[in-house]
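Next up, upload14.cif (mmCIF, C-alpha atoms and all ligand atoms; chains and numbers go by the auth columns):
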```
data_query
#
loop_
_atom_site.group_PDB
_atom_site.id
_atom_site.type_symbol
_atom_site.label_atom_id
_atom_site.label_comp_id
_atom_site.label_asym_id
_atom_site.label_seq_id
_atom_site.Cartn_x
_atom_site.Cartn_y
_atom_site.Cartn_z
_atom_site.B_iso_or_equiv
_atom_site.auth_seq_id
_atom_site.auth_asym_id
ATOM 1 C CA MET A 1 -36.496 -10.981 -67.993 0.00 1 J
ATOM 2 C CA ILE A 2 -39.792 -12.557 -69.119 0.00 2 J
ATOM 3 C CA LEU A 3 -41.156 -15.865 -67.898 0.00 3 J
ATOM 4 C CA LYS A 4 -42.464 -17.763 -70.927 0.00 4 J
ATOM 5 C CA SER A 5 -43.551 -21.092 -69.435 0.00 5 J
ATOM 6 C CA ILE A 6 -43.353 -23.213 -66.309 0.00 6 J
ATOM 7 C CA GLU A 7 -43.847 -26.904 -65.564 0.00 7 J
ATOM 8 C CA LEU A 8 -44.523 -28.302 -62.105 0.00 8 J
ATOM 9 C CA THR A 9 -44.391 -31.940 -61.068 0.00 9 J
ATOM 10 C CA HIS A 10 -45.507 -32.952 -57.577 0.00 10 J
ATOM 11 C CA PHE A 11 -45.095 -29.377 -56.358 0.00 11 J
ATOM 12 C CA ARG A 12 -47.546 -28.668 -53.502 0.00 12 J
ATOM 13 C CA ASN A 13 -51.034 -29.527 -54.833 0.00 13 J
ATOM 14 C CA HIS A 14 -49.907 -29.468 -58.480 0.00 14 J
ATOM 15 C CA LEU A 15 -49.455 -33.079 -59.549 0.00 15 J
ATOM 16 C CA HIS A 16 -48.372 -32.051 -63.031 0.00 16 J
ATOM 17 C CA ARG A 17 -49.020 -28.690 -64.592 0.00 17 J
ATOM 18 C CA GLN A 18 -47.671 -26.930 -67.673 0.00 18 J
ATOM 19 C CA LEU A 19 -48.408 -23.256 -68.216 0.00 19 J
ATOM 20 C CA LYS A 20 -47.451 -21.013 -71.116 0.00 20 J
ATOM 21 C CA PHE A 21 -47.461 -17.252 -70.637 0.00 21 J
ATOM 22 C CA GLU A 22 -48.065 -15.713 -74.017 0.00 22 J
ATOM 23 C CA ASN A 23 -49.013 -12.202 -72.977 0.00 23 J
ATOM 24 C CA MET A 24 -47.053 -9.574 -71.108 0.00 24 J
ATOM 25 C CA CYS A 25 -49.514 -9.721 -68.232 0.00 25 J
ATOM 26 C CA THR A 26 -50.977 -12.884 -66.708 0.00 26 J
ATOM 27 C CA PHE A 27 -53.648 -13.224 -64.029 0.00 27 J
ATOM 28 C CA PHE A 28 -54.193 -16.392 -62.018 0.00 28 J
ATOM 29 C CA HIS A 29 -57.744 -16.924 -60.885 0.00 29 J
ATOM 30 C CA GLY A 30 -59.411 -19.843 -59.164 0.00 30 J
ATOM 31 C CA LYS A 31 -61.153 -20.956 -56.009 0.00 31 J
ATOM 32 C CA ASN A 32 -59.570 -20.764 -52.580 0.00 32 J
ATOM 33 C CA GLY A 33 -56.991 -23.531 -52.316 0.00 33 J
ATOM 34 C CA ALA A 34 -56.779 -24.056 -56.072 0.00 34 J
ATOM 35 C CA GLY A 35 -53.023 -23.489 -56.017 0.00 35 J
ATOM 36 C CA LYS A 36 -52.537 -19.885 -57.168 0.00 36 J
ATOM 37 C CA THR A 37 -50.103 -18.930 -54.429 0.00 37 J
ATOM 38 C CA ASN A 38 -48.371 -22.292 -54.899 0.00 38 J
ATOM 39 C CA LEU A 39 -47.661 -21.282 -58.510 0.00 39 J
ATOM 40 C CA LEU A 40 -46.136 -18.000 -57.351 0.00 40 J
ATOM 41 C CA GLU A 41 -44.134 -19.929 -54.763 0.00 41 J
ATOM 42 C CA ALA A 42 -42.736 -22.186 -57.505 0.00 42 J
ATOM 43 C CA ILE A 43 -41.630 -19.153 -59.535 0.00 43 J
ATOM 44 C CA TYR A 44 -40.097 -17.600 -56.420 0.00 44 J
ATOM 45 C CA PHE A 45 -38.316 -20.866 -55.670 0.00 45 J
ATOM 46 C CA LEU A 46 -36.605 -20.863 -59.059 0.00 46 J
ATOM 47 C CA ALA A 47 -35.468 -17.282 -58.475 0.00 47 J
ATOM 48 C CA TYR A 48 -34.299 -17.559 -54.859 0.00 48 J
ATOM 49 C CA ALA A 49 -33.839 -21.312 -54.207 0.00 49 J
ATOM 50 C CA LYS A 50 -36.123 -21.087 -51.205 0.00 50 J
ATOM 51 C CA SER A 51 -39.784 -20.733 -50.371 0.00 51 J
ATOM 52 C CA PHE A 52 -41.391 -17.517 -49.171 0.00 52 J
ATOM 53 C CA ARG A 53 -43.473 -19.480 -46.667 0.00 53 J
ATOM 54 C CA ALA A 54 -42.299 -23.047 -45.997 0.00 54 J
ATOM 55 C CA GLY A 55 -39.556 -23.453 -43.422 0.00 55 J
ATOM 56 C CA ASN A 56 -39.433 -27.168 -44.134 0.00 56 J
ATOM 57 C CA ILE A 57 -38.607 -27.844 -47.775 0.00 57 J
ATOM 58 C CA ALA A 58 -40.407 -31.213 -47.618 0.00 58 J
ATOM 59 C CA LYS A 59 -43.695 -29.321 -47.400 0.00 59 J
ATOM 60 C CA LEU A 60 -43.194 -28.275 -51.019 0.00 60 J
ATOM 61 C CA ILE A 61 -43.494 -31.881 -52.187 0.00 61 J
ATOM 62 C CA TYR A 62 -46.940 -33.206 -53.065 0.00 62 J
ATOM 63 C CA ASN A 63 -48.315 -35.294 -50.197 0.00 63 J
ATOM 64 C CA ASN A 64 -46.227 -38.460 -49.898 0.00 64 J
ATOM 65 C CA ALA A 65 -44.351 -38.165 -53.189 0.00 65 J
ATOM 66 C CA GLU A 66 -40.582 -38.677 -53.141 0.00 66 J
ATOM 67 C CA SER A 67 -39.683 -35.483 -54.960 0.00 67 J
ATOM 68 C CA ALA A 68 -40.929 -32.394 -56.729 0.00 68 J
ATOM 69 C CA ALA A 69 -39.666 -30.677 -59.837 0.00 69 J
ATOM 70 C CA ILE A 70 -40.026 -27.203 -61.288 0.00 70 J
ATOM 71 C CA SER A 71 -38.719 -26.062 -64.633 0.00 71 J
ATOM 72 C CA ALA A 72 -39.222 -22.863 -66.552 0.00 72 J
ATOM 73 C CA LEU A 73 -38.284 -21.121 -69.761 0.00 73 J
ATOM 74 C CA PHE A 74 -37.487 -17.422 -69.666 0.00 74 J
ATOM 75 C CA THR A 75 -35.919 -14.802 -71.892 0.00 75 J
ATOM 76 C CA ASP A 76 -33.319 -12.383 -70.636 0.00 76 J
ATOM 77 C CA ASP A 77 -32.914 -8.694 -71.415 0.00 77 J
ATOM 78 C CA MET A 78 -31.153 -9.612 -74.680 0.00 78 J
ATOM 79 C CA ASP A 79 -34.159 -11.788 -75.624 0.00 79 J
ATOM 80 C CA ILE A 80 -32.037 -14.933 -75.278 0.00 80 J
ATOM 81 C CA GLU A 81 -33.909 -17.989 -74.011 0.00 81 J
ATOM 82 C CA HIS A 82 -32.800 -19.926 -70.937 0.00 82 J
ATOM 83 C CA THR A 83 -34.238 -22.820 -69.019 0.00 83 J
ATOM 84 C CA ILE A 84 -33.948 -23.279 -65.289 0.00 84 J
ATOM 85 C CA SER A 85 -34.982 -26.277 -63.248 0.00 85 J
ATOM 86 C CA ALA A 86 -35.027 -27.341 -59.645 0.00 86 J
ATOM 87 C CA SER A 87 -35.397 -30.773 -58.130 0.00 87 J
ATOM 88 C CA ILE A 88 -36.574 -30.992 -54.540 0.00 88 J
ATOM 89 C CA THR A 89 -36.241 -34.192 -52.534 0.00 89 J
ATOM 90 C CA LYS A 90 -36.731 -35.069 -48.886 0.00 90 J
ATOM 91 C CA LYS A 91 -33.644 -37.282 -48.667 0.00 91 J
ATOM 92 C CA LYS A 92 -30.792 -34.808 -48.864 0.00 92 J
ATOM 93 C CA VAL A 93 -29.815 -31.935 -46.603 0.00 93 J
ATOM 94 C CA PHE A 94 -29.433 -29.565 -49.556 0.00 94 J
ATOM 95 C CA PRO A 95 -31.811 -31.192 -51.992 0.00 95 J
ATOM 96 C CA LEU A 96 -31.615 -28.550 -54.669 0.00 96 J
ATOM 97 C CA ILE A 97 -30.256 -28.732 -58.193 0.00 97 J
ATOM 98 C CA ILE A 98 -30.580 -25.745 -60.475 0.00 98 J
ATOM 99 C CA LYS A 99 -29.181 -25.563 -63.958 0.00 99 J
ATOM 100 C CA THR A 100 -29.331 -22.684 -66.355 0.00 100 J
ATOM 101 C CA TRP A 101 -28.106 -22.723 -69.902 0.00 101 J
ATOM 102 C CA ARG A 102 -28.611 -20.901 -73.132 0.00 102 J
ATOM 103 C CA ILE A 103 -30.831 -22.536 -75.737 0.00 103 J
ATOM 104 C CA HIS A 104 -29.815 -20.180 -78.525 0.00 104 J
ATOM 105 C CA PRO A 105 -26.352 -18.577 -78.781 0.00 105 J
HETATM 106 N N1 LIG B . -47.330 -30.537 -49.996 0.00 201 P
HETATM 107 C C1 LIG B . -48.617 -30.423 -50.397 0.00 201 P
HETATM 108 N N2 LIG B . -49.216 -31.476 -50.986 0.00 201 P
HETATM 109 C C2 LIG B . -50.494 -31.397 -51.418 0.00 201 P
HETATM 110 N N3 LIG B . -51.261 -30.296 -51.306 0.00 201 P
HETATM 111 C C3 LIG B . -50.697 -29.216 -50.714 0.00 201 P
HETATM 112 C C4 LIG B . -49.365 -29.213 -50.239 0.00 201 P
HETATM 113 N N4 LIG B . -49.074 -28.009 -49.711 0.00 201 P
HETATM 114 C C5 LIG B . -50.200 -27.279 -49.848 0.00 201 P
HETATM 115 N N5 LIG B . -51.175 -27.996 -50.440 0.00 201 P
HETATM 116 C C6 LIG B . -52.538 -27.581 -50.779 0.00 201 P
HETATM 117 O O1 LIG B . -52.492 -26.409 -51.550 0.00 201 P
HETATM 118 C C7 LIG B . -53.699 -25.701 -51.341 0.00 201 P
HETATM 119 C C8 LIG B . -53.403 -24.238 -51.114 0.00 201 P
HETATM 120 O O2 LIG B . -52.913 -23.715 -52.299 0.00 201 P
HETATM 121 P P1 LIG B . -52.738 -22.161 -52.469 0.00 201 P
HETATM 122 O O3 LIG B . -52.335 -21.538 -51.186 0.00 201 P
HETATM 123 O O4 LIG B . -51.829 -21.959 -53.635 0.00 201 P
HETATM 124 O O5 LIG B . -54.219 -21.752 -52.837 0.00 201 P
HETATM 125 P P2 LIG B . -54.725 -20.375 -53.444 0.00 201 P
HETATM 126 O O6 LIG B . -55.283 -20.695 -54.803 0.00 201 P
HETATM 127 O O7 LIG B . -53.648 -19.347 -53.390 0.00 201 P
HETATM 128 O O8 LIG B . -55.921 -20.038 -52.451 0.00 201 P
HETATM 129 P P3 LIG B . -56.432 -18.619 -51.884 0.00 201 P
HETATM 130 O O9 LIG B . -57.361 -18.082 -52.944 0.00 201 P
HETATM 131 O O10 LIG B . -57.165 -18.988 -50.647 0.00 201 P
HETATM 132 O O11 LIG B . -55.235 -17.746 -51.631 0.00 201 P
HETATM 133 C C9 LIG B . -54.391 -26.310 -50.138 0.00 201 P
HETATM 134 O O12 LIG B . -55.491 -27.072 -50.613 0.00 201 P
HETATM 135 C C10 LIG B . -53.340 -27.232 -49.545 0.00 201 P
HETATM 136 O O13 LIG B . -53.892 -28.380 -48.978 0.00 201 P
HETATM 137 MG MG MG B . -53.360 -17.643 -52.279 0.00 202 P
#
```
Any chance you could give the structure as structure tokens?
Amino acid sequence: MILKSIELTHFRNHLHRQLKFENMCTFFHGKNGAGKTNLLEAIYFLAYAKSFRAGNIAKLIYNNAESAAISALFTDDMDIEHTISASITKKKVFPLIIKTWRIHP
């Protein structure tokens, strides 16, 4: 499985960010607090539907925003593309929606 791109909206300190991963190996670099670990947390969230550090899911949402969203495009071992997305809100007990579907048959 290869992550090709990810888009974050109101996730942690990322108001809106789109990243494309065009090489097999990607390094994140930036100042302390820039949001590197938050990016890894977003990827982890899509994989496991939970954070590796926040007990309270509301902490994933940017400041006082109502919701956060993460979506990503990845290819599987057969090189078929899929998208996956998660919506995180403060209002519901299980505020998680994840959908995966094939783009190409
Ligand atoms: N819900 C939130 N809303 C807005 N900002 C947030 C939220 N949660 C965390 N942050 C901000 O995210 C920043 C931390 O991001 P992160 O831990 O990803 O940084 P980092 O680039 O990994 O830094 P370091 O190099 O120190 O590991 C802090 O500035 C923190 O205030
Ligand atoms: Mg970090």
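Of the listed residues J:Ile84, J:Ala58, J:Leu73, J:Ile2, the one whose atoms come nearest to ligand LIG 201 (chain P) is J:Ala58, with distances taken using only C-alpha atoms and all ligand atoms.
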Starting from the PyMOL selection byres (((not hetatm)) within 9 of (chain P and resi 202)), expand the selection into actual residues of this file and give them as a PDB file with C-alpha atoms, in the coordinates of the input.
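File selection08.pdb, as written:
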```pdb
ATOM      1  CA  ASN J  32     -59.570 -20.764 -52.580  1.00  0.00           C
ATOM      2  CA  GLY J  33     -56.991 -23.531 -52.316  1.00  0.00           C
ATOM      3  CA  ALA J  34     -56.779 -24.056 -56.072  1.00  0.00           C
ATOM      4  CA  GLY J  35     -53.023 -23.489 -56.017  1.00  0.00           C
ATOM      5  CA  LYS J  36     -52.537 -19.885 -57.168  1.00  0.00           C
ATOM      6  CA  THR J  37     -50.103 -18.930 -54.429  1.00  0.00           C
ATOM      7  CA  ASN J  38     -48.371 -22.292 -54.899  1.00  0.00           C
ATOM      8  CA  LEU J  40     -46.136 -18.000 -57.351  1.00  0.00           C
TER       9      LEU J  40
END
```
Give the centre and edge lengths of an axis-aligned box, in Å to one decimal, that holds all listed atoms of ligand LIG 201 (chain P) with 3 Å on each side, as AutoDock Vina command-line options.
```
--center_x -52.3 --center_y -24.6 --center_z -51.9 --size_x 16.0 --size_y 19.7 --size_z 11.8
```
* To do: May I have the residues within 10 Å of ligand LIG 201 (chain P), computed using all atoms listed in the file, as a PyMOL selection string?
  => chain J and resi 10-15+28-42+54+57-65+68
Save the residues we just selected, C-alpha atoms, as an mmCIF file, in the frame of the given file?
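Writing the result to again20.cif gives the following:
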```
data_model
loop_
_atom_site.group_PDB
_atom_site.id
_atom_site.type_symbol
_atom_site.label_atom_id
_atom_site.label_comp_id
_atom_site.auth_asym_id
_atom_site.auth_seq_id
_atom_site.Cartn_x
_atom_site.Cartn_y
_atom_site.Cartn_z
ATOM 1 C CA HIS J 10 -45.507 -32.952 -57.577
ATOM 2 C CA PHE J 11 -45.095 -29.377 -56.358
ATOM 3 C CA ARG J 12 -47.546 -28.668 -53.502
ATOM 4 C CA ASN J 13 -51.034 -29.527 -54.833
ATOM 5 C CA HIS J 14 -49.907 -29.468 -58.480
ATOM 6 C CA LEU J 15 -49.455 -33.079 -59.549
ATOM 7 C CA PHE J 28 -54.193 -16.392 -62.018
ATOM 8 C CA HIS J 29 -57.744 -16.924 -60.885
ATOM 9 C CA GLY J 30 -59.411 -19.843 -59.164
ATOM 10 C CA LYS J 31 -61.153 -20.956 -56.009
ATOM 11 C CA ASN J 32 -59.570 -20.764 -52.580
ATOM 12 C CA GLY J 33 -56.991 -23.531 -52.316
ATOM 13 C CA ALA J 34 -56.779 -24.056 -56.072
ATOM 14 C CA GLY J 35 -53.023 -23.489 -56.017
ATOM 15 C CA LYS J 36 -52.537 -19.885 -57.168
ATOM 16 C CA THR J 37 -50.103 -18.930 -54.429
ATOM 17 C CA ASN J 38 -48.371 -22.292 -54.899
ATOM 18 C CA LEU J 39 -47.661 -21.282 -58.510
ATOM 19 C CA LEU J 40 -46.136 -18.000 -57.351
ATOM 20 C CA GLU J 41 -44.134 -19.929 -54.763
ATOM 21 C CA ALA J 42 -42.736 -22.186 -57.505
ATOM 22 C CA ALA J 54 -42.299 -23.047 -45.997
ATOM 23 C CA ILE J 57 -38.607 -27.844 -47.775
ATOM 24 C CA ALA J 58 -40.407 -31.213 -47.618
ATOM 25 C CA LYS J 59 -43.695 -29.321 -47.400
ATOM 26 C CA LEU J 60 -43.194 -28.275 -51.019
ATOM 27 C CA ILE J 61 -43.494 -31.881 -52.187
ATOM 28 C CA TYR J 62 -46.940 -33.206 -53.065
ATOM 29 C CA ASN J 63 -48.315 -35.294 -50.197
ATOM 30 C CA ASN J 64 -46.227 -38.460 -49.898
ATOM 31 C CA ALA J 65 -44.351 -38.165 -53.189
ATOM 32 C CA ALA J 68 -40.929 -32.394 -56.729
#
```
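As for CA of Met24 in chain J and CA of His82 in chain J, they are spaced 17.6 Å apart.
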